[in-house]
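Colleague: PDB, C-alpha atoms, saved as coords-v9.pdb, coming up:
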ATOM      1  CA  MET A 884     154.502 142.365  47.259  1.00  0.00           C
ATOM      2  CA  ALA A 885     152.136 140.255  45.173  1.00  0.00           C
ATOM      3  CA  GLY A 886     148.497 140.034  44.227  1.00  0.00           C
ATOM      4  CA  ILE A 887     146.426 136.861  44.038  1.00  0.00           C
ATOM      5  CA  GLN A 888     143.918 135.811  41.371  1.00  0.00           C
ATOM      6  CA  LEU A 889     141.741 132.754  41.879  1.00  0.00           C
ATOM      7  CA  HIS A 890     139.938 131.293  38.866  1.00  0.00           C
ATOM      8  CA  ASN A 891     137.235 128.659  39.499  1.00  0.00           C
ATOM      9  CA  LEU A 892     139.180 127.320  42.469  1.00  0.00           C
ATOM     10  CA  SER A 893     137.632 124.178  43.932  1.00  0.00           C
ATOM     11  CA  LYS A 894     138.530 121.661  46.592  1.00  0.00           C
ATOM     12  CA  ILE A 895     136.706 118.356  47.008  1.00  0.00           C
ATOM     13  CA  PHE A 896     137.474 115.935  49.826  1.00  0.00           C
ATOM     14  CA  LYS A 897     136.594 112.257  49.732  1.00  0.00           C
ATOM     15  CA  LEU A 898     134.696 111.134  52.825  1.00  0.00           C
ATOM     16  CA  LYS A 899     134.153 107.388  52.466  1.00  0.00           C
ATOM     17  CA  GLU A 900     132.110 107.218  49.247  1.00  0.00           C
ATOM     18  CA  GLU A 901     130.880 110.799  49.430  1.00  0.00           C
ATOM     19  CA  ASP A 902     132.353 113.948  47.853  1.00  0.00           C
ATOM     20  CA  VAL A 903     132.544 116.894  50.252  1.00  0.00           C
ATOM     21  CA  VAL A 904     132.894 120.264  48.533  1.00  0.00           C
ATOM     22  CA  ALA A 905     135.109 122.511  50.659  1.00  0.00           C
ATOM     23  CA  LEU A 906     135.581 125.204  47.989  1.00  0.00           C
ATOM     24  CA  ASN A 907     133.130 125.668  45.135  1.00  0.00           C
ATOM     25  CA  LYS A 908     134.490 127.322  41.949  1.00  0.00           C
ATOM     26  CA  ILE A 909     135.789 130.456  43.669  1.00  0.00           C
ATOM     27  CA  ASN A 910     136.833 133.506  41.673  1.00  0.00           C
ATOM     28  CA  LEU A 911     138.616 136.179  43.668  1.00  0.00           C
ATOM     29  CA  ASN A 912     141.061 138.946  42.773  1.00  0.00           C
ATOM     30  CA  ILE A 913     143.177 140.303  45.649  1.00  0.00           C
ATOM     31  CA  LYS A 914     145.296 143.302  44.697  1.00  0.00           C
ATOM     32  CA  ASP A 915     148.875 143.580  45.863  1.00  0.00           C
ATOM     33  CA  GLU A 916     149.545 145.641  49.000  1.00  0.00           C
ATOM     34  CA  SER A 917     145.954 145.140  50.199  1.00  0.00           C
ATOM     35  CA  PHE A 918     144.637 143.901  53.544  1.00  0.00           C
ATOM     36  CA  VAL A 919     141.753 141.492  52.992  1.00  0.00           C
ATOM     37  CA  THR A 920     139.888 139.754  55.796  1.00  0.00           C
ATOM     38  CA  ILE A 921     137.886 136.587  55.179  1.00  0.00           C
ATOM     39  CA  VAL A 922     135.110 135.870  57.654  1.00  0.00           C
ATOM     40  CA  GLY A 923     132.675 132.992  58.066  1.00  0.00           C
ATOM     41  CA  LYS A 924     131.478 130.221  60.322  1.00  0.00           C
ATOM     42  CA  SER A 925     133.700 127.292  61.259  1.00  0.00           C
ATOM     43  CA  GLY A 926     133.816 124.801  58.394  1.00  0.00           C
ATOM     44  CA  CYS A 927     132.966 127.327  55.672  1.00  0.00           C
ATOM     45  CA  GLY A 928     136.250 126.779  53.800  1.00  0.00           C
ATOM     46  CA  LYS A 929     138.380 129.680  55.099  1.00  0.00           C
ATOM     47  CA  THR A 930     141.284 127.576  56.354  1.00  0.00           C
ATOM     48  CA  THR A 931     141.176 125.276  53.323  1.00  0.00           C
ATOM     49  CA  LEU A 932     141.566 128.316  51.091  1.00  0.00           C
ATOM     50  CA  LEU A 933     144.624 129.510  53.024  1.00  0.00           C
ATOM     51  CA  ARG A 934     146.180 126.055  53.027  1.00  0.00           C
ATOM     52  CA  ILE A 935     145.845 125.853  49.244  1.00  0.00           C
ATOM     53  CA  LEU A 936     147.347 129.332  48.798  1.00  0.00           C
ATOM     54  CA  SER A 937     150.296 128.331  50.985  1.00  0.00           C
ATOM     55  CA  SER A 938     150.733 124.976  49.150  1.00  0.00           C
ATOM     56  CA  LEU A 939     149.938 122.994  52.312  1.00  0.00           C
ATOM     57  CA  GLU A 940     146.923 121.551  50.494  1.00  0.00           C
ATOM     58  CA  SER A 941     146.390 120.730  46.824  1.00  0.00           C
ATOM     59  CA  LYS A 942     143.485 122.138  44.831  1.00  0.00           C
ATOM     60  CA  SER A 943     141.041 119.857  43.029  1.00  0.00           C
ATOM     61  CA  GLU A 944     140.586 122.184  40.075  1.00  0.00           C
ATOM     62  CA  GLY A 945     140.914 125.804  39.033  1.00  0.00           C
ATOM     63  CA  GLU A 946     143.873 128.157  38.794  1.00  0.00           C
ATOM     64  CA  ILE A 947     145.881 130.397  41.133  1.00  0.00           C
ATOM     65  CA  VAL A 948     147.804 133.270  39.559  1.00  0.00           C
ATOM     66  CA  PHE A 949     150.189 135.530  41.462  1.00  0.00           C
ATOM     67  CA  THR A 950     150.888 138.982  40.088  1.00  0.00           C
ATOM     68  CA  GLN A 951     153.184 141.924  40.678  1.00  0.00           C
ATOM     69  CA  GLY A 952     151.589 144.942  39.052  1.00  0.00           C
ATOM     70  CA  ASN A 953     150.598 143.692  35.603  1.00  0.00           C
ATOM     71  CA  THR A 954     153.221 140.930  35.586  1.00  0.00           C
ATOM     72  CA  VAL A 955     152.544 137.287  36.424  1.00  0.00           C
ATOM     73  CA  ILE A 956     155.085 135.842  38.871  1.00  0.00           C
ATOM     74  CA  THR A 957     155.676 132.152  39.408  1.00  0.00           C
ATOM     75  CA  SER A 958     157.236 131.904  42.870  1.00  0.00           C
ATOM     76  CA  PRO A 959     156.163 134.605  45.306  1.00  0.00           C
ATOM     77  CA  LYS A 960     157.381 134.332  48.883  1.00  0.00           C
ATOM     78  CA  ILE A 961     154.367 133.250  50.943  1.00  0.00           C
ATOM     79  CA  ALA A 962     154.246 132.793  54.721  1.00  0.00           C
ATOM     80  CA  ILE A 963     151.416 131.636  56.965  1.00  0.00           C
ATOM     81  CA  VAL A 964     150.723 132.495  60.604  1.00  0.00           C
ATOM     82  CA  PHE A 965     148.610 129.929  62.467  1.00  0.00           C
ATOM     83  CA  GLN A 966     146.341 130.271  65.499  1.00  0.00           C
ATOM     84  CA  GLU A 967     149.004 128.580  67.638  1.00  0.00           C
ATOM     85  CA  PRO A 968     152.444 130.252  67.739  1.00  0.00           C
ATOM     86  CA  ARG A 969     154.240 126.922  67.110  1.00  0.00           C
ATOM     87  CA  LEU A 970     157.477 128.053  68.753  1.00  0.00           C
ATOM     88  CA  MET A 971     160.337 125.672  69.489  1.00  0.00           C
ATOM     89  CA  PRO A 972     160.400 125.406  73.316  1.00  0.00           C
ATOM     90  CA  TRP A 973     164.165 124.705  73.469  1.00  0.00           C
ATOM     91  CA  LEU A 974     165.039 127.876  71.537  1.00  0.00           C
ATOM     92  CA  THR A 975     165.132 131.470  72.771  1.00  0.00           C
ATOM     93  CA  ILE A 976     162.822 134.081  71.301  1.00  0.00           C
ATOM     94  CA  ARG A 977     165.665 135.383  69.147  1.00  0.00           C
ATOM     95  CA  ASP A 978     166.549 131.911  67.871  1.00  0.00           C
ATOM     96  CA  ASN A 979     162.895 131.118  67.160  1.00  0.00           C
ATOM     97  CA  MET A 980     162.739 134.200  64.950  1.00  0.00           C
ATOM     98  CA  LYS A 981     165.906 133.092  63.156  1.00  0.00           C
ATOM     99  CA  LEU A 982     164.247 129.844  62.043  1.00  0.00           C
ATOM    100  CA  SER A 983     162.691 131.490  58.994  1.00  0.00           C
ATOM    101  CA  LEU A 984     166.172 132.627  57.888  1.00  0.00           C
ATOM    102  CA  ILE A 985     167.866 129.235  57.939  1.00  0.00           C
ATOM    103  CA  LYS A 986     168.732 129.437  54.213  1.00  0.00           C
ATOM    104  CA  ILE A 987     170.496 132.803  54.557  1.00  0.00           C
ATOM    105  CA  LYS A 988     174.234 132.327  55.125  1.00  0.00           C
ATOM    106  CA  ASN A 989     175.052 135.995  55.728  1.00  0.00           C
ATOM    107  CA  ARG A 990     175.020 136.319  59.538  1.00  0.00           C
ATOM    108  CA  HIS A 991     174.982 140.112  59.354  1.00  0.00           C
ATOM    109  CA  GLU A 992     171.788 140.038  57.281  1.00  0.00           C
ATOM    110  CA  VAL A 993     170.188 137.500  59.638  1.00  0.00           C
ATOM    111  CA  ASN A 994     170.964 139.629  62.698  1.00  0.00           C
ATOM    112  CA  ARG A 995     169.823 142.794  60.918  1.00  0.00           C
ATOM    113  CA  ARG A 996     166.392 141.353  60.181  1.00  0.00           C
ATOM    114  CA  VAL A 997     165.930 139.816  63.628  1.00  0.00           C
ATOM    115  CA  ASP A 998     167.051 143.017  65.374  1.00  0.00           C
ATOM    116  CA  HIS A 999     164.656 145.068  63.258  1.00  0.00           C
ATOM    117  CA  TYR A1000     161.599 142.973  64.053  1.00  0.00           C
ATOM    118  CA  LEU A1001     162.495 142.498  67.715  1.00  0.00           C
ATOM    119  CA  GLU A1002     162.448 146.287  67.922  1.00  0.00           C
ATOM    120  CA  LEU A1003     159.314 146.724  65.810  1.00  0.00           C
ATOM    121  CA  LEU A1004     157.322 144.222  67.879  1.00  0.00           C
ATOM    122  CA  ASP A1005     158.660 145.433  71.238  1.00  0.00           C
ATOM    123  CA  LEU A1006     160.343 142.089  71.940  1.00  0.00           C
ATOM    124  CA  TRP A1007     163.889 143.333  72.418  1.00  0.00           C
ATOM    125  CA  ARG A1008     163.922 142.879  76.209  1.00  0.00           C
ATOM    126  CA  PHE A1009     162.719 139.289  75.857  1.00  0.00           C
ATOM    127  CA  GLN A1010     165.021 138.068  73.094  1.00  0.00           C
ATOM    128  CA  ASP A1011     166.874 135.692  75.440  1.00  0.00           C
ATOM    129  CA  ALA A1012     163.719 134.330  77.084  1.00  0.00           C
ATOM    130  CA  TYR A1013     162.213 130.937  76.244  1.00  0.00           C
ATOM    131  CA  PRO A1014     158.609 130.356  75.078  1.00  0.00           C
ATOM    132  CA  ASN A1015     157.497 129.054  78.492  1.00  0.00           C
ATOM    133  CA  GLN A1016     158.637 132.335  80.051  1.00  0.00           C
ATOM    134  CA  ILE A1017     156.388 134.623  78.018  1.00  0.00           C
ATOM    135  CA  SER A1018     152.634 135.182  77.689  1.00  0.00           C
ATOM    136  CA  GLY A1019     150.408 133.812  74.933  1.00  0.00           C
ATOM    137  CA  GLY A1020     150.085 137.247  73.374  1.00  0.00           C
ATOM    138  CA  MET A1021     153.836 137.693  73.332  1.00  0.00           C
ATOM    139  CA  ALA A1022     154.329 134.202  71.866  1.00  0.00           C
ATOM    140  CA  GLN A1023     152.008 135.104  68.992  1.00  0.00           C
ATOM    141  CA  ARG A1024     154.015 138.287  68.489  1.00  0.00           C
ATOM    142  CA  VAL A1025     157.170 136.141  68.198  1.00  0.00           C
ATOM    143  CA  ALA A1026     155.434 133.960  65.596  1.00  0.00           C
ATOM    144  CA  LEU A1027     154.548 137.094  63.661  1.00  0.00           C
ATOM    145  CA  GLY A1028     158.136 138.336  63.952  1.00  0.00           C
ATOM    146  CA  ARG A1029     159.451 135.008  62.655  1.00  0.00           C
ATOM    147  CA  THR A1030     157.184 135.395  59.626  1.00  0.00           C
ATOM    148  CA  LEU A1031     158.230 139.000  59.012  1.00  0.00           C
ATOM    149  CA  CYS A1032     161.930 138.076  59.171  1.00  0.00           C
ATOM    150  CA  TYR A1033     161.321 135.899  56.110  1.00  0.00           C
ATOM    151  CA  GLU A1034     160.163 139.090  54.333  1.00  0.00           C
ATOM    152  CA  PRO A1035     157.378 137.419  52.358  1.00  0.00           C
ATOM    153  CA  ASP A1036     155.396 139.030  49.552  1.00  0.00           C
ATOM    154  CA  ILE A1037     152.139 137.609  50.925  1.00  0.00           C
ATOM    155  CA  ILE A1038     151.240 136.915  54.555  1.00  0.00           C
ATOM    156  CA  LEU A1039     148.379 134.489  55.228  1.00  0.00           C
ATOM    157  CA  MET A1040     146.926 134.558  58.747  1.00  0.00           C
ATOM    158  CA  ASP A1041     144.648 131.764  59.941  1.00  0.00           C
ATOM    159  CA  GLU A1042     142.770 133.099  62.980  1.00  0.00           C
ATOM    160  CA  PRO A1043     146.081 134.107  64.611  1.00  0.00           C
ATOM    161  CA  LEU A1044     144.369 135.968  67.462  1.00  0.00           C
ATOM    162  CA  GLY A1045     141.572 133.489  68.169  1.00  0.00           C
ATOM    163  CA  ALA A1046     143.113 132.042  71.342  1.00  0.00           C
ATOM    164  CA  LEU A1047     143.975 135.387  72.961  1.00  0.00           C
ATOM    165  CA  ASP A1048     142.092 137.285  75.645  1.00  0.00           C
ATOM    166  CA  ILE A1049     140.333 140.488  74.561  1.00  0.00           C
ATOM    167  CA  TYR A1050     143.127 142.752  75.865  1.00  0.00           C
ATOM    168  CA  ASN A1051     145.975 141.001  74.037  1.00  0.00           C
ATOM    169  CA  ARG A1052     143.786 140.514  70.988  1.00  0.00           C
ATOM    170  CA  LYS A1053     143.250 144.270  70.648  1.00  0.00           C
ATOM    171  CA  ILE A1054     146.980 144.962  71.072  1.00  0.00           C
ATOM    172  CA  LEU A1055     147.906 142.430  68.381  1.00  0.00           C
ATOM    173  CA  GLN A1056     145.210 143.727  66.020  1.00  0.00           C
ATOM    174  CA  ASP A1057     146.779 147.170  66.186  1.00  0.00           C
ATOM    175  CA  GLU A1058     150.303 145.709  65.864  1.00  0.00           C
ATOM    176  CA  ILE A1059     149.358 143.869  62.668  1.00  0.00           C
ATOM    177  CA  ILE A1060     147.703 146.973  61.230  1.00  0.00           C
ATOM    178  CA  LYS A1061     150.817 149.025  62.031  1.00  0.00           C
ATOM    179  CA  ILE A1062     153.026 146.429  60.345  1.00  0.00           C
ATOM    180  CA  PHE A1063     150.806 146.479  57.260  1.00  0.00           C
ATOM    181  CA  GLU A1064     150.945 150.252  57.048  1.00  0.00           C
ATOM    182  CA  ASN A1065     154.738 150.279  57.472  1.00  0.00           C
ATOM    183  CA  CYS A1066     155.679 147.280  55.329  1.00  0.00           C
ATOM    184  CA  LYS A1067     152.848 147.254  52.759  1.00  0.00           C
ATOM    185  CA  LYS A1068     152.626 143.483  52.525  1.00  0.00           C
ATOM    186  CA  THR A1069     149.649 141.754  50.955  1.00  0.00           C
ATOM    187  CA  ILE A1070     147.764 140.265  53.915  1.00  0.00           C
ATOM    188  CA  VAL A1071     144.923 137.745  53.811  1.00  0.00           C
ATOM    189  CA  PHE A1072     143.530 137.425  57.338  1.00  0.00           C
ATOM    190  CA  VAL A1073     141.007 134.716  58.230  1.00  0.00           C
ATOM    191  CA  THR A1074     138.706 135.120  61.245  1.00  0.00           C
ATOM    192  CA  HIS A1075     135.278 134.062  62.452  1.00  0.00           C
ATOM    193  CA  ASP A1076     134.872 137.371  64.333  1.00  0.00           C
ATOM    194  CA  VAL A1077     132.847 139.938  62.367  1.00  0.00           C
ATOM    195  CA  ASP A1078     134.079 142.890  64.450  1.00  0.00           C
ATOM    196  CA  GLU A1079     137.687 141.841  63.883  1.00  0.00           C
ATOM    197  CA  ALA A1080     137.119 141.441  60.139  1.00  0.00           C
ATOM    198  CA  LEU A1081     135.627 144.937  59.889  1.00  0.00           C
ATOM    199  CA  TYR A1082     138.227 146.583  62.118  1.00  0.00           C
ATOM    200  CA  MET A1083     141.272 145.118  60.400  1.00  0.00           C
ATOM    201  CA  GLY A1084     140.347 144.716  56.754  1.00  0.00           C
ATOM    202  CA  GLN A1085     140.333 147.254  53.979  1.00  0.00           C
ATOM    203  CA  GLN A1086     138.029 144.768  52.294  1.00  0.00           C
ATOM    204  CA  VAL A1087     136.001 141.944  53.835  1.00  0.00           C
ATOM    205  CA  VAL A1088     135.058 138.752  52.010  1.00  0.00           C
ATOM    206  CA  VAL A1089     132.361 136.473  53.459  1.00  0.00           C
ATOM    207  CA  MET A1090     132.454 132.700  52.990  1.00  0.00           C
ATOM    208  CA  ASN A1091     129.579 130.291  53.529  1.00  0.00           C
ATOM    209  CA  ASN A1092     129.538 126.555  52.747  1.00  0.00           C
ATOM    210  CA  GLY A1093     132.570 126.760  50.472  1.00  0.00           C
ATOM    211  CA  ASN A1094     131.232 129.746  48.542  1.00  0.00           C
ATOM    212  CA  LEU A1095     132.102 133.436  48.514  1.00  0.00           C
ATOM    213  CA  VAL A1096     128.826 135.146  49.323  1.00  0.00           C
ATOM    214  CA  ASN A1097     129.627 138.798  49.973  1.00  0.00           C
ATOM    215  CA  HIS A1098     132.379 141.367  49.565  1.00  0.00           C
ATOM    216  CA  MET A1099     132.602 144.821  51.130  1.00  0.00           C
ATOM    217  CA  ARG A1100     135.151 147.560  50.671  1.00  0.00           C
ATOM    218  CA  ILE A1101     135.495 149.183  54.077  1.00  0.00           C
ATOM    219  CA  SER A1102     138.142 151.902  53.988  1.00  0.00           C
ATOM    220  CA  GLU A1103     141.714 152.413  52.869  1.00  0.00           C
ATOM    221  CA  SER A1104     142.286 153.898  56.326  1.00  0.00           C
ATOM    222  CA  HIS A1105     142.323 151.739  59.450  1.00  0.00           C
ATOM    223  CA  SER A1106     141.013 154.639  61.567  1.00  0.00           C
ATOM    224  CA  LYS A1107     137.487 153.329  62.014  1.00  0.00           C
ATOM    225  CA  ASP A1108     134.788 154.158  64.523  1.00  0.00           C
ATOM    226  CA  MET A1109     133.294 150.740  65.245  1.00  0.00           C
ATOM    227  CA  ASN A1110     130.315 152.422  66.957  1.00  0.00           C
ATOM    228  CA  SER A1111     129.389 154.534  63.949  1.00  0.00           C
ATOM    229  CA  HIS A1112     126.089 153.945  62.128  1.00  0.00           C
ATOM    230  CA  GLU A1113     128.036 152.946  59.006  1.00  0.00           C
ATOM    231  CA  MET A1114     130.056 150.229  60.752  1.00  0.00           C
ATOM    232  CA  LYS A1115     126.997 148.909  62.592  1.00  0.00           C
ATOM    233  CA  ALA A1116     125.141 148.635  59.279  1.00  0.00           C
ATOM    234  CA  LEU A1117     128.091 146.806  57.713  1.00  0.00           C
ATOM    235  CA  LYS A1118     128.178 144.411  60.657  1.00  0.00           C
ATOM    236  CA  ARG A1119     124.477 143.618  60.227  1.00  0.00           C
ATOM    237  CA  ALA A1120     124.981 142.966  56.510  1.00  0.00           C
ATOM    238  CA  LEU A1121     128.001 140.732  57.119  1.00  0.00           C
ATOM    239  CA  THR A1122     126.218 138.761  59.821  1.00  0.00           C
ATOM    240  CA  HIS A1123     123.246 138.217  57.502  1.00  0.00           C
ATOM    241  CA  SER A1124     125.560 136.917  54.760  1.00  0.00           C
ATOM    242  CA  ILE A1125     127.201 134.499  57.181  1.00  0.00           C
ATOM    243  CA  MET A1126     123.924 133.153  58.531  1.00  0.00           C
ATOM    244  CA  ASP A1127     121.950 132.865  55.264  1.00  0.00           C
ATOM    245  CA  SER A1128     123.209 129.729  53.482  1.00  0.00           C
ATOM    246  CA  ARG A1129     120.967 130.468  50.472  1.00  0.00           C
ATOM    247  CA  ILE A1130     123.226 133.320  49.324  1.00  0.00           C
ATOM    248  CA  ILE A1131     125.719 132.104  46.737  1.00  0.00           C
ATOM    249  CA  ARG A1132     128.048 134.295  44.676  1.00  0.00           C
ATOM    250  CA  ASN A1133     131.578 133.181  43.910  1.00  0.00           C
ATOM    251  CA  ASP A1134     133.049 136.019  41.865  1.00  0.00           C
ATOM    252  CA  PHE A1135     134.681 139.007  43.575  1.00  0.00           C
ATOM    253  CA  SER A1136     137.518 141.480  43.229  1.00  0.00           C
ATOM    254  CA  ALA A1137     139.124 142.572  46.506  1.00  0.00           C
TER     255      ALA A1137
END
Could you express the structure from this file as structure tokens?
Modeller:
Amino acid sequence: MAGIQLHNLSKIFKLKEEDVVALNKINLNIKDESFVTIVGKSGCGKTTLLRILSSLESKSEGEIVFTQGNTVITSPKIAIVFQEPRLMPWLTIRDNMKLSLIKIKNRHEVNRRVDHYLELLDLWRFQDAYPNQISGGMAQRVALGRTLCYEPDIILMDEPLGALDIYNRKILQDEIIKIFENCKKTIVFVTHDVDEALYMGQQVVVMNNGNLVNHMRISESHSKDMNSHEMKALKRALTHSIMDSRIIRNDFSA
């Protein structure tokens, strides 16, 4: 497991002759073994932040520090789950999950990990199926299993449930929460859905126009009554932060 510290992290894109600020001097401290959701409108910088954390995008300035307890670590294992499952159509479910283990030569260890996560994600019966033979919700579960087989310290999730219907979305929300509680990974989960951010996160960070504008600690427990007065009040506050572009605050500890 690993924590993440961001110090004045910025990202500026060149658009013709104009500078477009995607991330504006962000300071954020995410503790290890925490589940943090990041919520905001499309284009607010959520995905850019994840891409920089996963080294898919370079930062313009600032510093990223990964920690384990009080120790700085240089090369944590980081995995990202996208909105699309990105499965190989010519491979079975089992073989798709093996893709993240391509560097491991010990076949026993490979099979042990795949067997474990096939069981955990209730995919055992479908291990010999191909991606075109399973539902969208199940395909996203395979993508999650492929990530878990890698056994990363940090899991980044970029709106992984955004394309699912409400029924499968709820099932996968609970699956991810169960995995977090069992495996105690550090999870950073990006969404544009306020209800999802509140339901899944122990802490919720709000982004707006490349800035961090709000942070709420929800609960260490994931047993939440979304119809309670407390959760409804939190939802109103989050929605206000998302909609009001005048709010700017870029320094938070999650």
Colleague: Taking only C-alpha atoms into account, which of A:Leu1044, A:Ile985, A:Val919, A:Leu1027 comes nearest Ala1080 in chain A?
Modeller: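 Using only C-alpha atoms, Ala1080 in chain A sits closest to A:Val919.
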Colleague: Could you check the closest approach to Met1083 in chain A for each of A:Asp998, A:Glu916, A:Glu1064, A:Asp1057 and tell me which residue wins, using all atoms listed in the file?
Modeller: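 Answer, going by the shortest atom-to-atom distance: A:Asp1057.
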Colleague: Could you tell me which of A:Val1089, A:Ile895, A:Leu1095, A:Ile961 comes closest to Leu1121 in chain A if we count all atoms listed in the file?
Modeller: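 Of all the options, A:Val1089 lies closest to Leu1121 in chain A.
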Colleague: What separation in Å, quoted to one decimal, exists between CA of Ala1026 in chain A and CA of Val964 in chain A?
Modeller: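 That distance, rounded to one decimal, is 7.0 Å.
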Colleague: Evaluating the PyMOL selection byres ((chain A and resi 1099) around 7) on the displayed file yields which residues, as an mmCIF file with C-alpha atoms, keeping the file's coordinate frame?
Modeller:
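For reference, result36.cif as written:
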data_model
loop_
_atom_site.group_PDB
_atom_site.id
_atom_site.type_symbol
_atom_site.label_atom_id
_atom_site.label_comp_id
_atom_site.auth_asym_id
_atom_site.auth_seq_id
_atom_site.Cartn_x
_atom_site.Cartn_y
_atom_site.Cartn_z
ATOM 1 C CA GLN A 1086 138.029 144.768 52.294
ATOM 2 C CA VAL A 1087 136.001 141.944 53.835
ATOM 3 C CA VAL A 1088 135.058 138.752 52.010
ATOM 4 C CA ASN A 1097 129.627 138.798 49.973
ATOM 5 C CA HIS A 1098 132.379 141.367 49.565
ATOM 6 C CA ARG A 1100 135.151 147.560 50.671
ATOM 7 C CA ILE A 1101 135.495 149.183 54.077
#
Colleague: I need the residue nearest Phe918 in chain A from this list: A:His1075, A:Lys1068, A:Lys1107, A:Lys960. Use all atoms listed in the file for the distance.
Modeller: A:Lys1068
Colleague: Using all atoms listed in the file for the distances, tell me which of A:Val922, A:Leu1047, A:Leu892, A:Leu932 is nearest to Lys1118 in chain A.
Modeller: A:Val922
Colleague: Anything within 8 Å of (136.5, 118.4, 47.6): list those residues as a PyMOL selection string, counting only C-alpha atoms and sticking to the file's coordinates.
Modeller: chain A and resi 893-897+902-906+943
Colleague: Running the PyMOL selection byres ((chain A and resi 885-891) around 8) on this model by hand, what would come out? Give it as a list of chain:residue names.
Modeller: A:Met884, A:Leu892, A:Ser893, A:Asn907, A:Lys908, A:Ile909, A:Asn910, A:Leu911, A:Asn912, A:Ile913, A:Lys914, A:Asp915, A:Glu916, A:Glu944, A:Gly945, A:Glu946, A:Ile947, A:Val948, A:Phe949, A:Thr950, A:Gln951, A:Gly952, A:Pro959, A:Asp1036, A:Ile1037, A:Thr1069
Colleague: For Glu1058 in chain A, list every protein, DNA or RNA residue within 9 Å, evaluated using all atoms listed in the file, and leave out those in the same chain fewer than 4 positions away; present the list as an NGL selection string.
Modeller: :A and (1004 or 1024 or 1053-1054 or 1062-1063)
Colleague: Would you save the residues of that selection, restricted to C-alpha atoms, as a compact mmCIF listing (two decimals), keeping the file's coordinate frame?
Modeller:
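Full text of again.txt as output:
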# COMPACT_ATOMS: atom_id res chain seq x y z
CA LEU A 1004 157.32 144.22 67.88
CA ARG A 1024 154.01 138.29 68.49
CA LYS A 1053 143.25 144.27 70.65
CA ILE A 1054 146.98 144.96 71.07
CA ILE A 1062 153.03 146.43 60.34
CA PHE A 1063 150.81 146.48 57.26
Colleague: May I ask for the distance between CA of Leu1039 in chain A and CA of Ala962 in chain A, given in Å to one decimal place?
Modeller: 6.1 Å
